[in-house]
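Here is the file work-v4.cif (mmCIF, C-alpha atoms).
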data_coords
loop_
_atom_site.label_atom_id
_atom_site.label_comp_id
_atom_site.auth_asym_id
_atom_site.auth_seq_id
_atom_site.Cartn_x
_atom_site.Cartn_y
_atom_site.Cartn_z
CA SER X 1500 19.25 -9.30 87.23
CA GLY X 1501 16.22 -10.84 88.99
CA GLY X 1502 14.09 -7.87 87.95
CA ASP X 1503 15.22 -8.36 84.43
CA THR X 1504 14.27 -12.00 84.60
CA ASP X 1505 10.79 -11.21 85.96
CA PHE X 1506 10.31 -8.54 83.31
CA LYS X 1507 11.27 -10.93 80.62
CA LYS X 1508 8.90 -13.60 81.98
CA ALA X 1509 6.06 -11.11 82.26
CA LYS X 1510 6.77 -9.89 78.80
CA LYS X 1511 6.72 -13.43 77.53
CA ASP X 1512 3.55 -14.56 79.36
CA GLY X 1513 1.50 -11.43 79.96
CA PHE X 1514 1.91 -9.36 76.85
CA GLY X 1515 0.81 -12.20 74.67
CA ARG X 1516 -2.29 -12.80 76.81
CA VAL X 1517 -3.13 -9.11 76.85
CA HIS X 1518 -2.95 -8.82 73.10
CA SER X 1519 -4.82 -12.07 72.58
CA ASP X 1520 -7.54 -11.07 75.07
CA SER X 1521 -7.98 -7.66 73.49
CA ALA X 1522 -8.17 -9.22 70.09
CA ALA X 1523 -10.75 -11.67 71.36
CA ARG X 1524 -12.84 -8.83 72.87
CA ASP X 1525 -12.66 -6.86 69.66
CA LEU X 1526 -13.71 -9.88 67.69
CA SER X 1527 -16.56 -10.65 70.12
CA THR X 1528 -17.85 -7.08 70.11
CA GLY X 1529 -17.62 -6.96 66.37
CA ASP X 1530 -19.46 -10.22 65.78
CA ALA X 1531 -22.85 -8.54 65.49
CA ASP X 1532 -21.71 -5.95 63.01
CA PHE X 1533 -19.75 -8.56 61.16
CA ASN X 1534 -22.71 -10.91 60.94
CA ASP X 1535 -25.02 -8.07 59.86
CA GLY X 1536 -22.56 -7.08 57.17
CA VAL X 1537 -22.21 -10.64 56.00
CA GLU X 1538 -25.99 -11.03 55.80
CA MET X 1539 -26.35 -7.75 53.93
CA ASN X 1540 -23.53 -8.59 51.55
CA THR X 1541 -24.91 -12.08 51.10
CA SER X 1542 -28.37 -10.82 50.26
CA GLY X 1543 -27.00 -8.11 47.97
CA GLY X 1544 -24.61 -10.58 46.39
CA GLU X 1545 -27.43 -13.02 45.77
CA GLN X 1546 -29.45 -10.28 44.07
CA ASN X 1547 -26.46 -9.24 41.96
CA GLU X 1548 -25.71 -12.84 41.11
CA ASN X 1549 -29.32 -13.40 40.12
CA SER X 1550 -29.34 -10.31 37.92
CA ILE X 1551 -26.04 -11.32 36.33
CA VAL X 1552 -27.33 -14.83 35.73
CA ASP X 1553 -30.54 -13.46 34.21
CA LYS X 1554 -28.59 -11.15 31.93
CA GLY X 1555 -26.29 -13.98 30.97
CA ARG X 1556 -29.23 -16.22 30.15
CA GLU X 1557 -30.84 -13.48 28.09
CA SER X 1558 -27.59 -12.88 26.24
CA VAL X 1559 -27.17 -16.59 25.55
CA SER X 1560 -30.77 -16.89 24.39
CA HIS X 1561 -30.36 -13.90 22.07
CA LYS X 1562 -27.15 -15.36 20.68
CA LYS X 1563 -28.81 -18.72 20.13
CA ALA X 1564 -31.77 -17.06 18.43
CA GLY X 1565 -29.44 -14.99 16.26
CA LEU X 1566 -27.37 -18.02 15.33
CA LYS X 1567 -30.50 -19.99 14.52
CA ARG X 1568 -31.78 -17.10 12.43
CA TRP X 1569 -28.45 -16.84 10.60
CA LEU X 1570 -28.46 -20.57 9.83
CA GLN X 1571 -32.01 -20.36 8.51
CA GLU X 1572 -31.15 -17.44 6.23
CA LYS X 1573 -28.02 -19.21 4.94
CA LYS X 1574 -30.09 -22.31 4.26
CA THR X 1575 -32.63 -20.19 2.37
CA ALA X 1576 -29.89 -18.51 0.32
CA TYR X 1577 -28.01 -21.70 -0.59
CA SER X 1578 -31.00 -23.96 -1.13
CA GLY X 1579 -32.57 -21.68 -3.71
CA GLY X 1580 -35.56 -20.87 -1.53
CA LEU X 1581 -35.54 -17.16 -2.33
CA VAL X 1582 -38.89 -15.70 -3.21
CA ARG X 1583 -39.17 -14.20 -6.69
CA LEU X 1584 -40.17 -10.54 -6.31
CA ASP X 1585 -41.51 -8.07 -8.82
CA ASP X 1586 -38.38 -5.90 -8.86
CA ASP X 1587 -35.88 -8.75 -9.21
CA ALA X 1588 -35.52 -8.16 -12.95
CA ILE X 1589 -34.72 -4.50 -12.35
CA PHE X 1590 -32.08 -5.31 -9.75
CA GLU X 1591 -30.54 -7.94 -12.04
CA GLU X 1592 -30.19 -5.26 -14.69
CA VAL X 1593 -28.65 -2.91 -12.11
CA ALA X 1594 -26.18 -5.61 -11.03
CA HIS X 1595 -25.19 -6.27 -14.65
CA PHE X 1596 -24.69 -2.54 -15.25
CA VAL X 1597 -22.52 -2.16 -12.14
CA GLU X 1598 -20.38 -5.23 -12.94
CA ALA X 1599 -19.79 -4.11 -16.54
CA LEU X 1600 -18.91 -0.59 -15.43
CA GLU X 1601 -16.53 -1.88 -12.79
CA ALA X 1602 -14.77 -4.23 -15.22
CA GLY X 1603 -14.27 -1.43 -17.76
CA LEU X 1604 -13.05 1.07 -15.20
CA LYS X 1605 -10.57 -1.44 -13.78
CA ARG X 1606 -9.02 -1.91 -17.21
CA VAL X 1607 -8.89 1.84 -17.81
CA GLU X 1608 -7.38 2.49 -14.38
CA ALA X 1609 -4.72 -0.18 -14.88
CA GLN X 1610 -3.65 1.21 -18.26
CA ALA X 1611 -3.78 4.78 -16.96
CA SER X 1612 -1.41 3.81 -14.15
CA SER X 1613 0.88 2.17 -16.69
CA ILE X 1614 0.87 5.26 -18.94
CA ASN X 1615 1.54 7.48 -15.95
CA LYS X 1616 4.48 5.32 -14.90
CA GLN X 1617 5.88 5.56 -18.42
CA ASN X 1618 5.64 9.35 -18.27
CA LYS X 1619 7.61 9.31 -15.04
CA ASP X 1620 10.24 7.05 -16.61
CA ILE X 1621 10.43 9.31 -19.67
CA SER X 1622 11.03 12.33 -17.43
CA THR X 1623 13.84 10.54 -15.59
CA SER X 1624 15.41 9.27 -18.83
CA LEU X 1625 15.32 12.71 -20.46
CA LEU X 1626 16.99 14.21 -17.42
CA GLU X 1627 19.79 11.63 -17.52
CA PHE X 1628 20.09 12.10 -21.28
CA GLY X 1629 20.51 15.85 -20.83
CA LEU X 1630 23.23 15.34 -18.22
CA GLY X 1631 25.09 13.01 -20.60
CA CYS X 1632 24.87 15.52 -23.45
CA ASP X 1633 26.12 18.29 -21.20
CA ALA X 1634 29.11 16.17 -20.18
CA ILE X 1635 30.01 15.43 -23.81
CA SER X 1636 29.74 19.11 -24.78
CA HIS X 1637 32.79 19.97 -22.62
CA VAL X 1638 35.12 17.27 -23.93
CA GLU X 1639 36.42 19.24 -26.94
CA ASN X 1640 36.78 22.38 -24.84
CA GLU X 1641 38.96 20.58 -22.33
CA VAL X 1642 41.14 19.24 -25.16
CA ASP X 1643 41.44 22.73 -26.64
CA GLY X 1644 42.26 24.23 -23.27
CA GLY X 1645 39.22 26.50 -23.28
CA SER X 1646 36.81 27.25 -20.44
CA VAL X 1647 33.97 24.92 -19.50
CA ASP X 1648 31.23 27.37 -20.49
CA SER X 1649 32.65 28.16 -23.94
CA HIS X 1650 31.83 26.00 -26.96
CA THR X 1651 34.26 26.68 -29.80
CA ASN X 1652 33.45 23.53 -31.78
CA GLY X 1653 30.39 22.26 -33.56
CA VAL X 1654 29.94 18.94 -31.82
CA GLY X 1655 30.23 20.47 -28.35
CA GLU X 1656 27.69 23.17 -29.14
CA THR X 1657 25.33 20.58 -30.66
CA PHE X 1658 25.39 18.39 -27.57
CA HIS X 1659 25.01 21.43 -25.34
CA ILE X 1660 21.89 22.69 -27.12
CA ILE X 1661 20.28 19.25 -27.32
CA GLY X 1662 21.06 18.56 -23.66
CA LYS X 1663 19.44 21.83 -22.66
CA ALA X 1664 16.34 20.94 -24.70
CA ALA X 1665 16.26 17.51 -23.05
CA ASP X 1666 16.27 19.16 -19.63
CA GLU X 1667 13.28 21.28 -20.63
CA ALA X 1668 11.48 18.19 -21.97
CA ALA X 1669 12.20 16.36 -18.69
CA ALA X 1670 10.63 19.21 -16.73
CA ILE X 1671 7.58 19.17 -19.01
CA SER X 1672 7.21 15.38 -18.60
CA GLY X 1673 7.53 15.67 -14.81
CA GLN X 1674 4.78 18.29 -14.67
CA HIS X 1675 2.61 16.16 -16.93
CA TYR X 1676 3.13 13.17 -14.64
CA GLN X 1677 1.98 15.12 -11.59
CA ARG X 1678 -1.01 16.51 -13.47
CA GLU X 1679 -2.16 13.07 -14.63
CA VAL X 1680 -1.89 11.65 -11.11
CA GLN X 1681 -4.16 14.34 -9.70
CA SER X 1682 -6.62 14.74 -12.56
CA PHE X 1683 -6.83 11.27 -14.09
CA VAL X 1684 -5.49 8.33 -12.05
CA GLU X 1685 -6.88 9.35 -8.66
CA PRO X 1686 -10.36 10.25 -10.01
CA LEU X 1687 -10.58 6.83 -11.67
CA ARG X 1688 -9.79 5.18 -8.35
CA ASP X 1689 -12.47 7.30 -6.68
CA HIS X 1690 -14.99 6.09 -9.29
CA LEU X 1691 -14.08 2.49 -8.44
CA LYS X 1692 -14.62 3.20 -4.73
CA THR X 1693 -18.05 4.61 -5.51
CA ILE X 1694 -18.91 1.47 -7.45
CA GLN X 1695 -17.92 -0.60 -4.41
CA ALA X 1696 -20.36 1.45 -2.33
CA VAL X 1697 -23.13 0.69 -4.84
CA LYS X 1698 -22.30 -3.03 -4.65
CA VAL X 1699 -22.55 -2.87 -0.85
CA ALA X 1700 -25.99 -1.28 -1.17
CA LEU X 1701 -27.09 -4.06 -3.53
CA THR X 1702 -25.84 -6.59 -0.98
CA LYS X 1703 -27.94 -4.96 1.73
CA ARG X 1704 -31.02 -5.23 -0.47
CA ASN X 1705 -30.28 -8.88 -1.14
CA ASN X 1706 -29.95 -9.53 2.61
CA ARG X 1707 -33.41 -8.04 3.17
CA ARG X 1708 -34.71 -10.27 0.41
CA ILE X 1709 -33.22 -13.33 2.12
CA THR X 1710 -34.79 -12.32 5.43
CA TYR X 1711 -38.20 -11.89 3.83
CA SER X 1712 -37.90 -15.23 2.04
CA THR X 1713 -36.85 -16.95 5.26
CA ASN X 1714 -39.87 -15.55 7.09
CA LEU X 1715 -42.21 -16.70 4.32
CA ASN X 1716 -40.73 -20.17 4.43
CA SER X 1717 -41.15 -20.17 8.21
CA VAL X 1718 -44.85 -19.29 7.85
CA ASP X 1719 -45.38 -22.14 5.41
CA SER X 1720 -43.64 -24.54 7.77
CA LYS X 1721 -45.68 -23.39 10.77
CA LYS X 1722 -48.93 -23.67 8.80
CA ALA X 1723 -48.07 -27.24 7.95
CA SER X 1724 -47.30 -27.99 11.62
CA LEU X 1725 -50.57 -26.41 12.77
CA HIS X 1726 -52.56 -28.41 10.25
CA LYS X 1727 -50.81 -31.58 11.41
CA PHE X 1728 -51.62 -30.87 15.07
CA LYS X 1729 -55.28 -30.20 14.25
CA ILE X 1730 -55.82 -33.43 12.38
CA THR X 1731 -53.86 -35.56 14.86
CA PRO X 1732 -55.90 -36.83 17.83
CA GLY X 1733 -54.48 -35.81 21.22
CA GLN X 1734 -52.43 -32.93 19.77
CA GLU X 1735 -55.01 -30.20 20.37
CA ASN X 1736 -52.91 -28.58 23.13
CA LYS X 1737 -49.96 -28.22 20.79
CA ALA X 1738 -52.21 -26.60 18.21
CA LEU X 1739 -52.69 -23.57 20.47
CA GLY X 1740 -48.97 -23.01 20.72
CA ALA X 1741 -48.57 -23.52 16.97
CA GLU X 1742 -51.26 -20.89 16.30
CA SER X 1743 -49.41 -18.38 18.50
CA SER X 1744 -46.11 -19.15 16.76
CA LEU X 1745 -47.77 -18.79 13.37
CA SER X 1746 -49.19 -15.41 14.31
CA LYS X 1747 -45.74 -14.16 15.31
CA ALA X 1748 -44.27 -15.50 12.08
CA GLU X 1749 -46.90 -13.69 10.01
CA GLN X 1750 -46.13 -10.45 11.81
CA ALA X 1751 -42.44 -11.00 11.09
CA VAL X 1752 -43.29 -11.47 7.40
CA LEU X 1753 -45.13 -8.16 7.27
CA ALA X 1754 -42.32 -6.35 9.06
CA SER X 1755 -39.61 -7.86 6.85
CA LYS X 1756 -41.60 -7.05 3.69
CA GLN X 1757 -41.97 -3.45 4.77
CA ASN X 1758 -38.27 -3.27 5.56
CA TYR X 1759 -37.40 -4.79 2.18
CA ASP X 1760 -39.58 -2.31 0.30
CA GLU X 1761 -37.93 0.63 2.06
CA VAL X 1762 -34.40 -0.63 1.43
CA ALA X 1763 -35.10 -1.56 -2.21
CA ALA X 1764 -36.61 1.84 -2.99
CA ARG X 1765 -33.70 3.63 -1.34
CA VAL X 1766 -31.15 1.54 -3.26
CA LEU X 1767 -32.81 2.28 -6.59
CA ARG X 1768 -32.82 5.99 -5.84
CA GLN X 1769 -29.14 5.85 -4.96
CA VAL X 1770 -28.34 3.93 -8.13
CA ASP X 1771 -30.11 6.52 -10.28
CA LEU X 1772 -28.25 9.30 -8.50
CA PHE X 1773 -25.00 7.41 -8.96
CA ARG X 1774 -25.59 7.03 -12.69
CA LYS X 1775 -26.14 10.76 -13.13
CA GLU X 1776 -23.30 11.95 -10.94
CA SER X 1777 -20.80 9.33 -12.10
CA ALA X 1778 -21.61 10.05 -15.75
CA VAL X 1779 -20.85 13.74 -15.27
CA ALA X 1780 -17.72 13.03 -13.22
CA MET X 1781 -16.33 10.43 -15.63
CA CYS X 1782 -16.93 12.69 -18.63
CA ALA X 1783 -15.05 15.49 -16.86
CA THR X 1784 -12.20 13.09 -16.04
CA MET X 1785 -11.82 11.92 -19.63
CA LYS X 1786 -12.00 15.48 -20.97
CA GLU X 1787 -9.26 16.49 -18.57
CA PHE X 1788 -7.19 13.52 -19.73
CA ALA X 1789 -7.56 14.53 -23.39
CA ALA X 1790 -6.71 18.17 -22.62
CA SER X 1791 -3.69 17.07 -20.60
CA GLN X 1792 -2.38 14.91 -23.43
CA ALA X 1793 -2.86 17.67 -26.00
CA ASP X 1794 -1.13 20.24 -23.80
CA TYR X 1795 1.74 17.86 -23.01
CA TYR X 1796 2.56 16.92 -26.59
CA SER X 1797 2.08 20.50 -27.74
CA LYS X 1798 4.70 21.69 -25.26
CA LEU X 1799 7.07 18.90 -26.28
CA ASN X 1800 6.56 19.72 -29.94
CA GLU X 1801 7.29 23.41 -29.32
CA SER X 1802 10.42 22.57 -27.32
CA TRP X 1803 11.93 20.27 -29.94
CA SER X 1804 10.74 22.37 -32.88
CA ALA X 1805 12.50 25.45 -31.48
CA LEU X 1806 15.67 23.37 -31.26
CA LEU X 1807 15.90 22.42 -34.96
CA PRO X 1808 16.81 25.88 -36.39
CA LYS X 1809 19.57 26.23 -33.78
CA VAL X 1810 21.04 22.85 -34.67
CA ASP X 1811 20.89 23.61 -38.41
CA LEU X 1812 23.02 26.75 -37.90
CA ILE X 1813 25.85 24.80 -36.26
CA ASP X 1814 28.83 23.95 -38.46
CA ALA X 1815 29.56 20.30 -37.78
CA ASN X 1816 33.05 20.62 -39.39
CA ARG X 1817 34.09 23.35 -37.00
CA LEU X 1818 36.55 21.59 -34.73
CA SER X 1819 39.47 22.58 -32.61
CA ASP X 1820 42.67 23.62 -34.44
CA ARG X 1821 44.76 21.55 -32.12
CA SER X 1822 46.19 18.29 -33.53
CA PHE X 1823 47.44 15.51 -31.34
CA ALA X 1824 49.97 14.42 -34.04
CA GLN X 1825 51.33 17.94 -34.50
CA ALA X 1826 51.61 18.41 -30.75
CA ALA X 1827 53.57 15.16 -30.48
CA ALA X 1828 55.91 16.17 -33.36
CA ALA X 1829 56.52 19.57 -31.86
CA LEU X 1830 57.31 18.01 -28.55
CA SER X 1831 59.81 15.54 -30.06
CA SER X 1832 61.65 18.26 -32.07
CA SER X 1833 62.12 20.51 -29.07
CA VAL X 1834 63.74 17.84 -26.88
CA HIS X 1835 67.57 17.12 -27.34
CA VAL X 1836 68.63 13.67 -26.27
CA ASN X 1837 72.34 13.07 -25.26
CA MET X 1838 73.46 9.77 -26.80
CA PRO X 1839 75.71 7.56 -24.60
CA GLN X 1840 79.54 7.24 -25.57
CA ASP X 1841 82.04 4.41 -25.21
CA PRO X 1842 83.34 4.04 -21.68
CA PRO X 1843 87.07 4.89 -21.01
CA PRO X 1844 89.59 2.03 -20.62
CA PRO X 1845 90.12 0.72 -17.13
CA THR X 1846 93.07 1.94 -15.09
CA PRO X 1847 95.79 -0.81 -14.66
CA ASN X 1848 96.57 -1.98 -11.16
CA GLY X 1849 100.10 -3.41 -11.94
CA GLU X 1850 102.97 -3.05 -14.31
CA ILE X 1851 102.49 -3.09 -18.05
CA THR X 1852 103.44 -6.42 -19.63
CA ALA X 1853 103.83 -7.30 -23.24
CA ILE X 1854 102.54 -10.50 -24.76
CA ASN X 1855 103.26 -11.15 -28.42
CA GLY X 1856 103.76 -7.46 -29.10
CA GLY X 1857 100.49 -6.57 -27.47
CA VAL X 1858 99.73 -4.66 -24.32
CA ARG X 1859 97.59 -5.93 -21.56
CA TYR X 1860 96.47 -4.26 -18.45
CA ARG X 1861 96.45 -6.75 -15.63
CA ASP X 1862 98.55 -7.89 -12.68
CA PRO X 1863 101.62 -9.98 -13.65
CA LEU X 1864 101.56 -13.72 -12.96
CA PRO X 1865 104.09 -15.35 -10.61
CA ASP X 1866 106.22 -16.83 -13.39
CA GLU X 1867 106.26 -13.49 -15.09
CA LYS X 1868 107.57 -11.89 -11.95
CA MET X 1869 110.42 -14.48 -11.78
CA SER X 1870 111.46 -13.84 -15.36
#

What does this structure look like when you write it as structure tokens?
Amino acid sequence: SGGDTDFKKAKKDGFGRVHSDSAARDLSTGDADFNDGVEMNTSGGEQNENSIVDKGRESVSHKKAGLKRWLQEKKTAYSGGLVRLDDDAIFEEVAHFVEALEAGLKRVEAQASSINKQNKDISTSLLEFGLGCDAISHVENEVDGGSVDSHTNGVGETFHIIGKAADEAAAISGQHYQREVQSFVEPLRDHLKTIQAVKVALTKRNNRRITYSTNLNSVDSKKASLHKFKITPGQENKALGAESSLSKAEQAVLASKQNYDEVAARVLRQVDLFRKESAVAMCATMKEFAASQADYYSKLNESWSALLPKVDLIDANRLSDRSFAQAAAALSSSVHVNMPQDPPPPTPNGEITAINGGVRYRDPLPDEKMS
């Protein structure tokens, strides 16, 4: 037990000192490496932090410059400070042409969608109409006791033929609906999308015009500032900086003018190409629409025209020979009804007694029994 006590005390006192001493030695031996690493990391971290800060400052400066530029261009656009260029009249004519074409195509596309929807509704209605006619054509046959497929009366055969023709017309209308969607409605929507692309191109040209006008206005402003610095005593040092800023602004004007010329020329070429291609495509679309309408109504006319001779041959007075009244009379004559008879007299429970020469059938009263 004493050994156990000493072991426990040594474990309590010594093990903790051993581990703490070893940890202290490890920490002391590692101080140099630790300090070197901290210095290296600190120096590298400072460099990284400096580069990050520089990049952040550059990004902020670029954003500020871009925001300032955007505000200047918006001010130029809204204040009416746009420079009048030689090709402005041409682009105004182009814009008017595009707007008029878009307005007309939107109306045509809306009505084409409405017509196409009506064709779909007509197909559905004709199909339901044919099902109704087919149901009516079997009514007389069921009354006559015939089969469903046989038509021994005029009205049933008439409804059957017309219902069959309605089914054919529904199929023709359904095919016409699908054809118009693919060859008329969707091409019109594609033309409208192309017009939107042309409008985007015109917007790009107008943005270049705004940029060029903003740069010209900036040059005028910097020239005025330079002139003010030159004529103001003590402002000669600022004049040097104003001259440098003016030179940069003039270079920006030249660059923006060159960019505008390139974009404007490209837009005009695209507009001319659009006019040629869209004219051919729209003519083809309208021709296909006319051919589709002619083919559709021709098929409908043939379907209904072939029906008329068949209907004329049907005898409308040909009905079933069966009569509901005759059937009811025959049924009543074949049934024998047994009429009810008078019931038999009741059986007396007592003796027969006579009252005033009559006979009654009942139990005698007490006084009658005594007599």

* Interatomic distance between CA of Gly1653 in chain X and CA of Asn1816 in chain X? -> 6.6 Å

Draw an axis-aligned box over all listed atoms of range 1780-1796 of chain X, pad each side with 6 Å, and write its centre and edge lengths in Å, one decimal, as AutoDock Vina command-line options.
--center_x -7.6 --center_y 15.3 --center_z -19.9 --size_x 32.3 --size_y 21.8 --size_z 25.4

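A straight line drawn from CA of Arg1606 in chain X to CA of Glu1776 in chain X is 20.9 Å long.
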
* To do: Output the residue selection produced by the PyMOL selection byres ((chain X and resi 1687) around 12) on the file above, formatted as an MDAnalysis selection string.
  => chainID X and resid 1600:1601 1603:1612 1679:1686 1688:1694 1777 1780:1785 1787:1788

Just write the chosen residues, C-alpha atoms, as an mmCIF file, in the frame of the given file.
data_model
loop_
_atom_site.group_PDB
_atom_site.id
_atom_site.type_symbol
_atom_site.label_atom_id
_atom_site.label_comp_id
_atom_site.auth_asym_id
_atom_site.auth_seq_id
_atom_site.Cartn_x
_atom_site.Cartn_y
_atom_site.Cartn_z
ATOM 1 C CA LEU X 1600 -18.910 -0.590 -15.430
ATOM 2 C CA GLU X 1601 -16.530 -1.880 -12.790
ATOM 3 C CA GLY X 1603 -14.270 -1.430 -17.760
ATOM 4 C CA LEU X 1604 -13.050 1.070 -15.200
ATOM 5 C CA LYS X 1605 -10.570 -1.440 -13.780
ATOM 6 C CA ARG X 1606 -9.020 -1.910 -17.210
ATOM 7 C CA VAL X 1607 -8.890 1.840 -17.810
ATOM 8 C CA GLU X 1608 -7.380 2.490 -14.380
ATOM 9 C CA ALA X 1609 -4.720 -0.180 -14.880
ATOM 10 C CA GLN X 1610 -3.650 1.210 -18.260
ATOM 11 C CA ALA X 1611 -3.780 4.780 -16.960
ATOM 12 C CA SER X 1612 -1.410 3.810 -14.150
ATOM 13 C CA GLU X 1679 -2.160 13.070 -14.630
ATOM 14 C CA VAL X 1680 -1.890 11.650 -11.110
ATOM 15 C CA GLN X 1681 -4.160 14.340 -9.700
ATOM 16 C CA SER X 1682 -6.620 14.740 -12.560
ATOM 17 C CA PHE X 1683 -6.830 11.270 -14.090
ATOM 18 C CA VAL X 1684 -5.490 8.330 -12.050
ATOM 19 C CA GLU X 1685 -6.880 9.350 -8.660
ATOM 20 C CA PRO X 1686 -10.360 10.250 -10.010
ATOM 21 C CA ARG X 1688 -9.790 5.180 -8.350
ATOM 22 C CA ASP X 1689 -12.470 7.300 -6.680
ATOM 23 C CA HIS X 1690 -14.990 6.090 -9.290
ATOM 24 C CA LEU X 1691 -14.080 2.490 -8.440
ATOM 25 C CA LYS X 1692 -14.620 3.200 -4.730
ATOM 26 C CA THR X 1693 -18.050 4.610 -5.510
ATOM 27 C CA ILE X 1694 -18.910 1.470 -7.450
ATOM 28 C CA SER X 1777 -20.800 9.330 -12.100
ATOM 29 C CA ALA X 1780 -17.720 13.030 -13.220
ATOM 30 C CA MET X 1781 -16.330 10.430 -15.630
ATOM 31 C CA CYS X 1782 -16.930 12.690 -18.630
ATOM 32 C CA ALA X 1783 -15.050 15.490 -16.860
ATOM 33 C CA THR X 1784 -12.200 13.090 -16.040
ATOM 34 C CA MET X 1785 -11.820 11.920 -19.630
ATOM 35 C CA GLU X 1787 -9.260 16.490 -18.570
ATOM 36 C CA PHE X 1788 -7.190 13.520 -19.730
#

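CA of Lys1786 in chain X sits 28.5 Å away from CA of Ala1805 in chain X.
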
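For the residues X:Lys1756, X:His1675, X:Lys1721, X:Lys1747, ranking by smallest atom-to-atom distance to Asn1706 in chain X using only C-alpha atoms places X:Lys1756 first.
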
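Residues with any atom within 7 Å of range 1743-1746 of chain X, counting all atoms listed in the file and excluding same-chain neighbours fewer than 3 positions away, are Val1718, Lys1721, Lys1722, Leu1739, Gly1740, Glu1749 and Gln1750 of chain X.
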
Put those residues in a file: C-alpha atoms, as a compact mmCIF listing (two decimals), in the coordinates of the input.
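Final output, saved to part.txt:
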# COMPACT_ATOMS: atom_id res chain seq x y z
CA VAL X 1718 -44.85 -19.29 7.85
CA LYS X 1721 -45.68 -23.39 10.77
CA LYS X 1722 -48.93 -23.67 8.80
CA LEU X 1739 -52.69 -23.57 20.47
CA GLY X 1740 -48.97 -23.01 20.72
CA GLU X 1749 -46.90 -13.69 10.01
CA GLN X 1750 -46.13 -10.45 11.81

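Look at Glu1627 in chain X: the protein and nucleic acid residues within 12 Å of it, using all atoms listed in the file and passing over chain neighbours fewer than 4 places away, are X:Asp1620, X:Ile1621, X:Ser1622, X:Thr1623, X:Gly1631, X:Cys1632, X:Asp1633, X:Ala1634, X:Gly1662, X:Lys1663, X:Ala1665, X:Asp1666, X:Ala1668, X:Ala1669, X:Ala1670.
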
Based on the selection just made, write C-alpha atoms of those residues as a compact mmCIF listing (two decimals), keeping the file's coordinate frame.
# COMPACT_ATOMS: atom_id res chain seq x y z
CA ASP X 1620 10.24 7.05 -16.61
CA ILE X 1621 10.43 9.31 -19.67
CA SER X 1622 11.03 12.33 -17.43
CA THR X 1623 13.84 10.54 -15.59
CA GLY X 1631 25.09 13.01 -20.60
CA CYS X 1632 24.87 15.52 -23.45
CA ASP X 1633 26.12 18.29 -21.20
CA ALA X 1634 29.11 16.17 -20.18
CA GLY X 1662 21.06 18.56 -23.66
CA LYS X 1663 19.44 21.83 -22.66
CA ALA X 1665 16.26 17.51 -23.05
CA ASP X 1666 16.27 19.16 -19.63
CA ALA X 1668 11.48 18.19 -21.97
CA ALA X 1669 12.20 16.36 -18.69
CA ALA X 1670 10.63 19.21 -16.73
